[in-house]
Each structure stands twice: as C-alpha cells, then as structure tokens.
Amino acid sequence: MPSTPTGKAFINTDECKGCGLCVESCPPKCLFLAPELSAYGVHPAQYTGRDCTGCGICFYCCPEPGAIVVYRRVAAVKTATERRQGGSHATAL
Ligand code: SF4
Ligand code: SF4
C-alpha cells in the first residue's frame with residue numbers, strides 16, 4: 001500500500017538539462033524523464049506526483065542550480081502555551 005507523501009518535488013523545465021541523475025538517484029522512483037522535448041531539445045525530469053519523501057537526494061545530485069525544488073512536510077510546531085500545558089488536550093467525548 002503506498003504511503004502518504006511527505007514531500008513534493010518541482011522541476012523547472014527551463015533549467016533541467018535532462019541528464020537523468022535525479023531519476024536514477026530517487027529512492028522511491030518518483031521521478032521520470034518526460035517523453036516530450038523541452039525548448040532546449042532535452043527530455044526534462046518530471047515528478048510523478050506520488051511517493052516523494054522529501055529526502056532531497058535529487059536536489060543534491062542535480063548539477064543545474066535551480067532545476068529542482070523540494071518541499072518537505074514538517075510536524076506542526078507547538079505554541080508556547082501548548083508546551084507549558086504539556087501538549088494539546090484530547091477532544092471531550
Ligand atoms: S538532475 Fe537536474 S538537470 Fe538532470 S534531469 Fe534531474 S532535474 Fe534535470
Ligand atoms: S526528494 Fe527524494 S523522494 Fe522526493 S523526488 Fe527527490 S529523491 Fe525522490
């Protein structure tokens with residue numbers, strides 16, 4: 001059963017050179033090279049829209065600055081009041 005994605009990858013096709021390094025390095029294999037050509041005559045990387053963990057490996061292996069942006073979901077930060085109270089309260093039944 002697929003897990004809930006905790007990240008999201010955005011590819012800037014104007015910066016991508018279609019080298020495929022991100023596709024090969026992505027652990028859950030959620031990137032692929034598009035079948036159509038970009039304005040630069042290369043097959044740019046694309047995100048499938050599923051299973052990104054937000055690990056950032058694609059970002060770090062990409063040789064083109066600005067071609068990939070990765071967003072990672074983080075847990076909500078507790079307010080100072082919630083921390084003093086020891087956390088949020090369960091809903092009353
Ligand atoms: S590593 Fe960067 S340049 Fe290479 S295909 Fe992926 S996004 Fe494009
Ligand atoms: S952040 Fe990790 S899981 Fe998401 S697309 Fe990049 S390499 Fe794949």
# chains A, B, ... in the order shown; residues from 1 in each chain; ligands from 1
call {"tool": "residues_around", "arguments": {"residues": "stretch 49-66 of chain A", "least_positions_apart": "5", "cutoff": "12 Å", "atoms": "only C-alpha atoms", "output": "PDB file with N, CA and C atoms, in the first residue's frame"}}
result
ATOM      1  N   MET A   1       0.847  -1.183   0.000  1.00  0.00           N
ATOM      2  CA  MET A   1       0.000   0.000   0.000  1.00  0.00           C
ATOM      3  C   MET A   1       0.888   1.240   0.000  1.00  0.00           C
ATOM      4  N   PRO A   2       0.677   2.210  -0.935  1.00  0.00           N
ATOM      5  CA  PRO A   2       1.526   3.396  -0.977  1.00  0.00           C
ATOM      6  C   PRO A   2       1.362   4.246   0.268  1.00  0.00           C
ATOM      7  N   SER A   3       2.482   4.817   0.720  1.00  0.00           N
ATOM      8  CA  SER A   3       2.450   5.661   1.907  1.00  0.00           C
ATOM      9  C   SER A   3       2.051   7.084   1.521  1.00  0.00           C
ATOM     10  N   THR A   4       1.654   7.862   2.517  1.00  0.00           N
ATOM     11  CA  THR A   4       1.302   9.259   2.275  1.00  0.00           C
ATOM     12  C   THR A   4       2.569  10.034   1.964  1.00  0.00           C
ATOM     13  N   PRO A   5       2.610  10.764   0.857  1.00  0.00           N
ATOM     14  CA  PRO A   5       3.820  11.514   0.538  1.00  0.00           C
ATOM     15  C   PRO A   5       4.107  12.553   1.608  1.00  0.00           C
ATOM     16  N   THR A   6       5.373  12.677   1.981  1.00  0.00           N
ATOM     17  CA  THR A   6       5.763  13.690   2.953  1.00  0.00           C
ATOM     18  C   THR A   6       6.582  14.782   2.291  1.00  0.00           C
ATOM     19  N   GLY A   7       6.692  14.712   0.990  1.00  0.00           N
ATOM     20  CA  GLY A   7       7.423  15.727   0.260  1.00  0.00           C
ATOM     21  C   GLY A   7       6.813  15.955  -1.106  1.00  0.00           C
ATOM     22  N   LYS A   8       7.385  16.931  -1.788  1.00  0.00           N
ATOM     23  CA  LYS A   8       6.915  17.229  -3.139  1.00  0.00           C
ATOM     24  C   LYS A   8       8.086  17.838  -3.902  1.00  0.00           C
ATOM     25  N   ALA A   9       8.303  17.365  -5.127  1.00  0.00           N
ATOM     26  CA  ALA A   9       9.412  17.875  -5.928  1.00  0.00           C
ATOM     27  C   ALA A   9       8.870  18.667  -7.108  1.00  0.00           C
ATOM     28  N   PHE A  10       9.493  19.803  -7.357  1.00  0.00           N
ATOM     29  CA  PHE A  10       9.128  20.634  -8.504  1.00  0.00           C
ATOM     30  C   PHE A  10      10.343  20.739  -9.423  1.00  0.00           C
ATOM     31  N   ILE A  11      10.142  20.474 -10.700  1.00  0.00           N
ATOM     32  CA  ILE A  11      11.219  20.564 -11.686  1.00  0.00           C
ATOM     33  C   ILE A  11      10.981  21.786 -12.557  1.00  0.00           C
ATOM     34  N   ASN A  12      11.995  22.618 -12.674  1.00  0.00           N
ATOM     35  CA  ASN A  12      11.942  23.767 -13.574  1.00  0.00           C
ATOM     36  C   ASN A  12      12.481  23.306 -14.925  1.00  0.00           C
ATOM     37  N   THR A  13      11.581  23.097 -15.878  1.00  0.00           N
ATOM     38  CA  THR A  13      11.996  22.532 -17.170  1.00  0.00           C
ATOM     39  C   THR A  13      12.893  23.492 -17.952  1.00  0.00           C
ATOM     40  N   ASP A  14      12.876  24.782 -17.600  1.00  0.00           N
ATOM     41  CA  ASP A  14      13.763  25.733 -18.279  1.00  0.00           C
ATOM     42  C   ASP A  14      15.209  25.590 -17.806  1.00  0.00           C
ATOM     43  N   GLU A  15      15.404  24.961 -16.653  1.00  0.00           N
ATOM     44  CA  GLU A  15      16.757  24.776 -16.120  1.00  0.00           C
ATOM     45  C   GLU A  15      17.246  23.340 -16.273  1.00  0.00           C
ATOM     46  N   CYS A  16      16.324  22.407 -16.360  1.00  0.00           N
ATOM     47  CA  CYS A  16      16.689  20.986 -16.443  1.00  0.00           C
ATOM     48  C   CYS A  16      17.377  20.678 -17.770  1.00  0.00           C
ATOM     49  N   LYS A  17      18.487  19.918 -17.708  1.00  0.00           N
ATOM     50  CA  LYS A  17      19.226  19.538 -18.914  1.00  0.00           C
ATOM     51  C   LYS A  17      19.004  18.072 -19.280  1.00  0.00           C
ATOM     52  N   GLY A  18      18.087  17.424 -18.562  1.00  0.00           N
ATOM     53  CA  GLY A  18      17.707  16.064 -18.931  1.00  0.00           C
ATOM     54  C   GLY A  18      18.779  15.018 -18.717  1.00  0.00           C
ATOM     55  N   CYS A  19      19.685  15.250 -17.774  1.00  0.00           N
ATOM     56  CA  CYS A  19      20.788  14.294 -17.561  1.00  0.00           C
ATOM     57  C   CYS A  19      20.312  12.997 -16.915  1.00  0.00           C
ATOM     58  N   GLY A  20      19.203  13.051 -16.189  1.00  0.00           N
ATOM     59  CA  GLY A  20      18.641  11.844 -15.581  1.00  0.00           C
ATOM     60  C   GLY A  20      19.247  11.442 -14.250  1.00  0.00           C
ATOM     61  N   LEU A  21      20.184  12.231 -13.721  1.00  0.00           N
ATOM     62  CA  LEU A  21      20.806  11.871 -12.438  1.00  0.00           C
ATOM     63  C   LEU A  21      19.775  11.792 -11.317  1.00  0.00           C
ATOM     64  N   CYS A  22      18.835  12.734 -11.316  1.00  0.00           N
ATOM     65  CA  CYS A  22      17.809  12.725 -10.260  1.00  0.00           C
ATOM     66  C   CYS A  22      16.910  11.502 -10.391  1.00  0.00           C
ATOM     67  N   VAL A  23      16.601  11.129 -11.606  1.00  0.00           N
ATOM     68  CA  VAL A  23      15.731   9.967 -11.836  1.00  0.00           C
ATOM     69  C   VAL A  23      16.401   8.707 -11.286  1.00  0.00           C
ATOM     70  N   GLU A  24      17.683   8.555 -11.561  1.00  0.00           N
ATOM     71  CA  GLU A  24      18.415   7.374 -11.105  1.00  0.00           C
ATOM     72  C   GLU A  24      18.612   7.358  -9.598  1.00  0.00           C
ATOM     73  N   SER A  25      18.712   8.533  -8.992  1.00  0.00           N
ATOM     74  CA  SER A  25      19.048   8.576  -7.568  1.00  0.00           C
ATOM     75  C   SER A  25      17.838   8.579  -6.642  1.00  0.00           C
ATOM     76  N   CYS A  26      16.656   8.788  -7.152  1.00  0.00           N
ATOM     77  CA  CYS A  26      15.469   8.889  -6.300  1.00  0.00           C
ATOM     78  C   CYS A  26      15.111   7.510  -5.729  1.00  0.00           C
ATOM     79  N   PRO A  27      15.190   7.341  -4.401  1.00  0.00           N
ATOM     80  CA  PRO A  27      14.930   6.008  -3.814  1.00  0.00           C
ATOM     81  C   PRO A  27      13.550   5.440  -4.134  1.00  0.00           C
ATOM     82  N   PRO A  28      12.447   6.201  -3.997  1.00  0.00           N
ATOM     83  CA  PRO A  28      11.141   5.606  -4.310  1.00  0.00           C
ATOM     84  C   PRO A  28      10.780   5.664  -5.795  1.00  0.00           C
ATOM     85  N   LYS A  29      11.715   6.117  -6.621  1.00  0.00           N
ATOM     86  CA  LYS A  29      11.500   6.160  -8.075  1.00  0.00           C
ATOM     87  C   LYS A  29      10.257   6.970  -8.440  1.00  0.00           C
ATOM     88  N   CYS A  30      10.200   8.184  -7.940  1.00  0.00           N
ATOM     89  CA  CYS A  30       9.035   9.009  -8.264  1.00  0.00           C
ATOM     90  C   CYS A  30       9.367  10.132  -9.240  1.00  0.00           C
ATOM     91  N   LEU A  31      10.509  10.021  -9.930  1.00  0.00           N
ATOM     92  CA  LEU A  31      10.847  10.960 -10.994  1.00  0.00           C
ATOM     93  C   LEU A  31      11.033  10.181 -12.292  1.00  0.00           C
ATOM     94  N   PHE A  32      10.780  10.836 -13.398  1.00  0.00           N
ATOM     95  CA  PHE A  32      10.987  10.204 -14.703  1.00  0.00           C
ATOM     96  C   PHE A  32      11.335  11.277 -15.722  1.00  0.00           C
ATOM     97  N   PRO A  44      13.071  16.621 -20.165  1.00  0.00           N
ATOM     98  CA  PRO A  44      13.232  17.091 -18.785  1.00  0.00           C
ATOM     99  C   PRO A  44      12.656  16.114 -17.775  1.00  0.00           C
ATOM    100  N   TYR A  71      10.049  20.327  -1.410  1.00  0.00           N
ATOM    101  CA  TYR A  71       9.358  20.752  -0.192  1.00  0.00           C
ATOM    102  C   TYR A  71       9.131  19.540   0.681  1.00  0.00           C
ATOM    103  N   ARG A  72       9.351  19.715   1.983  1.00  0.00           N
ATOM    104  CA  ARG A  72       9.189  18.610   2.936  1.00  0.00           C
ATOM    105  C   ARG A  72       8.169  19.008   3.994  1.00  0.00           C
ATOM    106  N   ARG A  73       7.213  18.138   4.247  1.00  0.00           N
ATOM    107  CA  ARG A  73       6.210  18.403   5.281  1.00  0.00           C
ATOM    108  C   ARG A  73       6.845  18.196   6.647  1.00  0.00           C
ATOM    109  N   VAL A  74       6.625  19.145   7.537  1.00  0.00           N
ATOM    110  CA  VAL A  74       7.157  19.037   8.887  1.00  0.00           C
ATOM    111  C   VAL A  74       6.007  19.042   9.873  1.00  0.00           C
TER     112      VAL A  74
END
call {"tool": "select_by_dssp", "arguments": {"residues": "chain A", "states": "strand (DSSP E or B)", "output": "list in words"}}
result
Gly7, Lys8, Ala9, Phe10, Ile11, Leu31, Phe32, Leu33, Ala45, Gln46, Tyr47, Ile68, Val69, Val70, Tyr71 and Arg72 of chain A
call {"tool": "write_last_selection", "arguments": {"atoms": "C-alpha atoms", "output": "PDB file, in the first residue's frame"}}
result
ATOM      1  CA  GLY A   7       7.423  15.727   0.260  1.00  0.00           C
ATOM      2  CA  LYS A   8       6.915  17.229  -3.139  1.00  0.00           C
ATOM      3  CA  ALA A   9       9.412  17.875  -5.928  1.00  0.00           C
ATOM      4  CA  PHE A  10       9.128  20.634  -8.504  1.00  0.00           C
ATOM      5  CA  ILE A  11      11.219  20.564 -11.686  1.00  0.00           C
ATOM      6  CA  LEU A  31      10.847  10.960 -10.994  1.00  0.00           C
ATOM      7  CA  PHE A  32      10.987  10.204 -14.703  1.00  0.00           C
ATOM      8  CA  LEU A  33      12.170  11.800 -17.937  1.00  0.00           C
ATOM      9  CA  ALA A  45      12.673  15.336 -15.479  1.00  0.00           C
ATOM     10  CA  GLN A  46       9.166  15.287 -14.054  1.00  0.00           C
ATOM     11  CA  TYR A  47       7.605  14.284 -10.751  1.00  0.00           C
ATOM     12  CA  ILE A  68      14.794  21.158  -8.612  1.00  0.00           C
ATOM     13  CA  VAL A  69      12.996  22.465  -5.557  1.00  0.00           C
ATOM     14  CA  VAL A  70      11.923  20.009  -2.852  1.00  0.00           C
ATOM     15  CA  TYR A  71       9.358  20.752  -0.192  1.00  0.00           C
ATOM     16  CA  ARG A  72       9.189  18.610   2.936  1.00  0.00           C
TER      17      ARG A  72
END
call {"tool": "closest_residue", "arguments": {"among": "A:Thr48, A:Ala67, A:Val77, A:Glu82", "to": "ligand 2", "atoms": "only C-alpha atoms and all ligand atoms"}}
result
A:Thr48
call {"tool": "atom_distance", "arguments": {"atom1": "atom CA of A:Leu37", "atom2": "atom 6 (Fe, counted along the ligand's line) of ligand 2"}}
result
21.3 Å
call {"tool": "decode", "arguments": {"residues": "stretch 13-35 of chain A", "atoms": "N, CA and C atoms", "output": "mmCIF file, in the first residue's frame"}}
result
data_model
loop_
_atom_site.group_PDB
_atom_site.id
_atom_site.type_symbol
_atom_site.label_atom_id
_atom_site.label_comp_id
_atom_site.auth_asym_id
_atom_site.auth_seq_id
_atom_site.Cartn_x
_atom_site.Cartn_y
_atom_site.Cartn_z
ATOM 1 N N THR A 13 11.581 23.097 -15.878
ATOM 2 C CA THR A 13 11.996 22.532 -17.170
ATOM 3 C C THR A 13 12.893 23.492 -17.952
ATOM 4 N N ASP A 14 12.876 24.782 -17.600
ATOM 5 C CA ASP A 14 13.763 25.733 -18.279
ATOM 6 C C ASP A 14 15.209 25.590 -17.806
ATOM 7 N N GLU A 15 15.404 24.961 -16.653
ATOM 8 C CA GLU A 15 16.757 24.776 -16.120
ATOM 9 C C GLU A 15 17.246 23.340 -16.273
ATOM 10 N N CYS A 16 16.324 22.407 -16.360
ATOM 11 C CA CYS A 16 16.689 20.986 -16.443
ATOM 12 C C CYS A 16 17.377 20.678 -17.770
ATOM 13 N N LYS A 17 18.487 19.918 -17.708
ATOM 14 C CA LYS A 17 19.226 19.538 -18.914
ATOM 15 C C LYS A 17 19.004 18.072 -19.280
ATOM 16 N N GLY A 18 18.087 17.424 -18.562
ATOM 17 C CA GLY A 18 17.707 16.064 -18.931
ATOM 18 C C GLY A 18 18.779 15.018 -18.717
ATOM 19 N N CYS A 19 19.685 15.250 -17.774
ATOM 20 C CA CYS A 19 20.788 14.294 -17.561
ATOM 21 C C CYS A 19 20.312 12.997 -16.915
ATOM 22 N N GLY A 20 19.203 13.051 -16.189
ATOM 23 C CA GLY A 20 18.641 11.844 -15.581
ATOM 24 C C GLY A 20 19.247 11.442 -14.250
ATOM 25 N N LEU A 21 20.184 12.231 -13.721
ATOM 26 C CA LEU A 21 20.806 11.871 -12.438
ATOM 27 C C LEU A 21 19.775 11.792 -11.317
ATOM 28 N N CYS A 22 18.835 12.734 -11.316
ATOM 29 C CA CYS A 22 17.809 12.725 -10.260
ATOM 30 C C CYS A 22 16.910 11.502 -10.391
ATOM 31 N N VAL A 23 16.601 11.129 -11.606
ATOM 32 C CA VAL A 23 15.731 9.967 -11.836
ATOM 33 C C VAL A 23 16.401 8.707 -11.286
ATOM 34 N N GLU A 24 17.683 8.555 -11.561
ATOM 35 C CA GLU A 24 18.415 7.374 -11.105
ATOM 36 C C GLU A 24 18.612 7.358 -9.598
ATOM 37 N N SER A 25 18.712 8.533 -8.992
ATOM 38 C CA SER A 25 19.048 8.576 -7.568
ATOM 39 C C SER A 25 17.838 8.579 -6.642
ATOM 40 N N CYS A 26 16.656 8.788 -7.152
ATOM 41 C CA CYS A 26 15.469 8.889 -6.300
ATOM 42 C C CYS A 26 15.111 7.510 -5.729
ATOM 43 N N PRO A 27 15.190 7.341 -4.401
ATOM 44 C CA PRO A 27 14.930 6.008 -3.814
ATOM 45 C C PRO A 27 13.550 5.440 -4.134
ATOM 46 N N PRO A 28 12.447 6.201 -3.997
ATOM 47 C CA PRO A 28 11.141 5.606 -4.310
ATOM 48 C C PRO A 28 10.780 5.664 -5.795
ATOM 49 N N LYS A 29 11.715 6.117 -6.621
ATOM 50 C CA LYS A 29 11.500 6.160 -8.075
ATOM 51 C C LYS A 29 10.257 6.970 -8.440
ATOM 52 N N CYS A 30 10.200 8.184 -7.940
ATOM 53 C CA CYS A 30 9.035 9.009 -8.264
ATOM 54 C C CYS A 30 9.367 10.132 -9.240
ATOM 55 N N LEU A 31 10.509 10.021 -9.930
ATOM 56 C CA LEU A 31 10.847 10.960 -10.994
ATOM 57 C C LEU A 31 11.033 10.181 -12.292
ATOM 58 N N PHE A 32 10.780 10.836 -13.398
ATOM 59 C CA PHE A 32 10.987 10.204 -14.703
ATOM 60 C C PHE A 32 11.335 11.277 -15.722
ATOM 61 N N LEU A 33 11.870 10.856 -16.856
ATOM 62 C CA LEU A 33 12.170 11.800 -17.937
ATOM 63 C C LEU A 33 10.952 11.861 -18.854
ATOM 64 N N ALA A 34 10.472 13.066 -19.091
ATOM 65 C CA ALA A 34 9.272 13.253 -19.916
ATOM 66 C C ALA A 34 9.526 12.776 -21.344
ATOM 67 N N PRO A 35 8.528 12.187 -21.979
ATOM 68 C CA PRO A 35 8.709 11.733 -23.365
ATOM 69 C C PRO A 35 8.841 12.898 -24.350
#
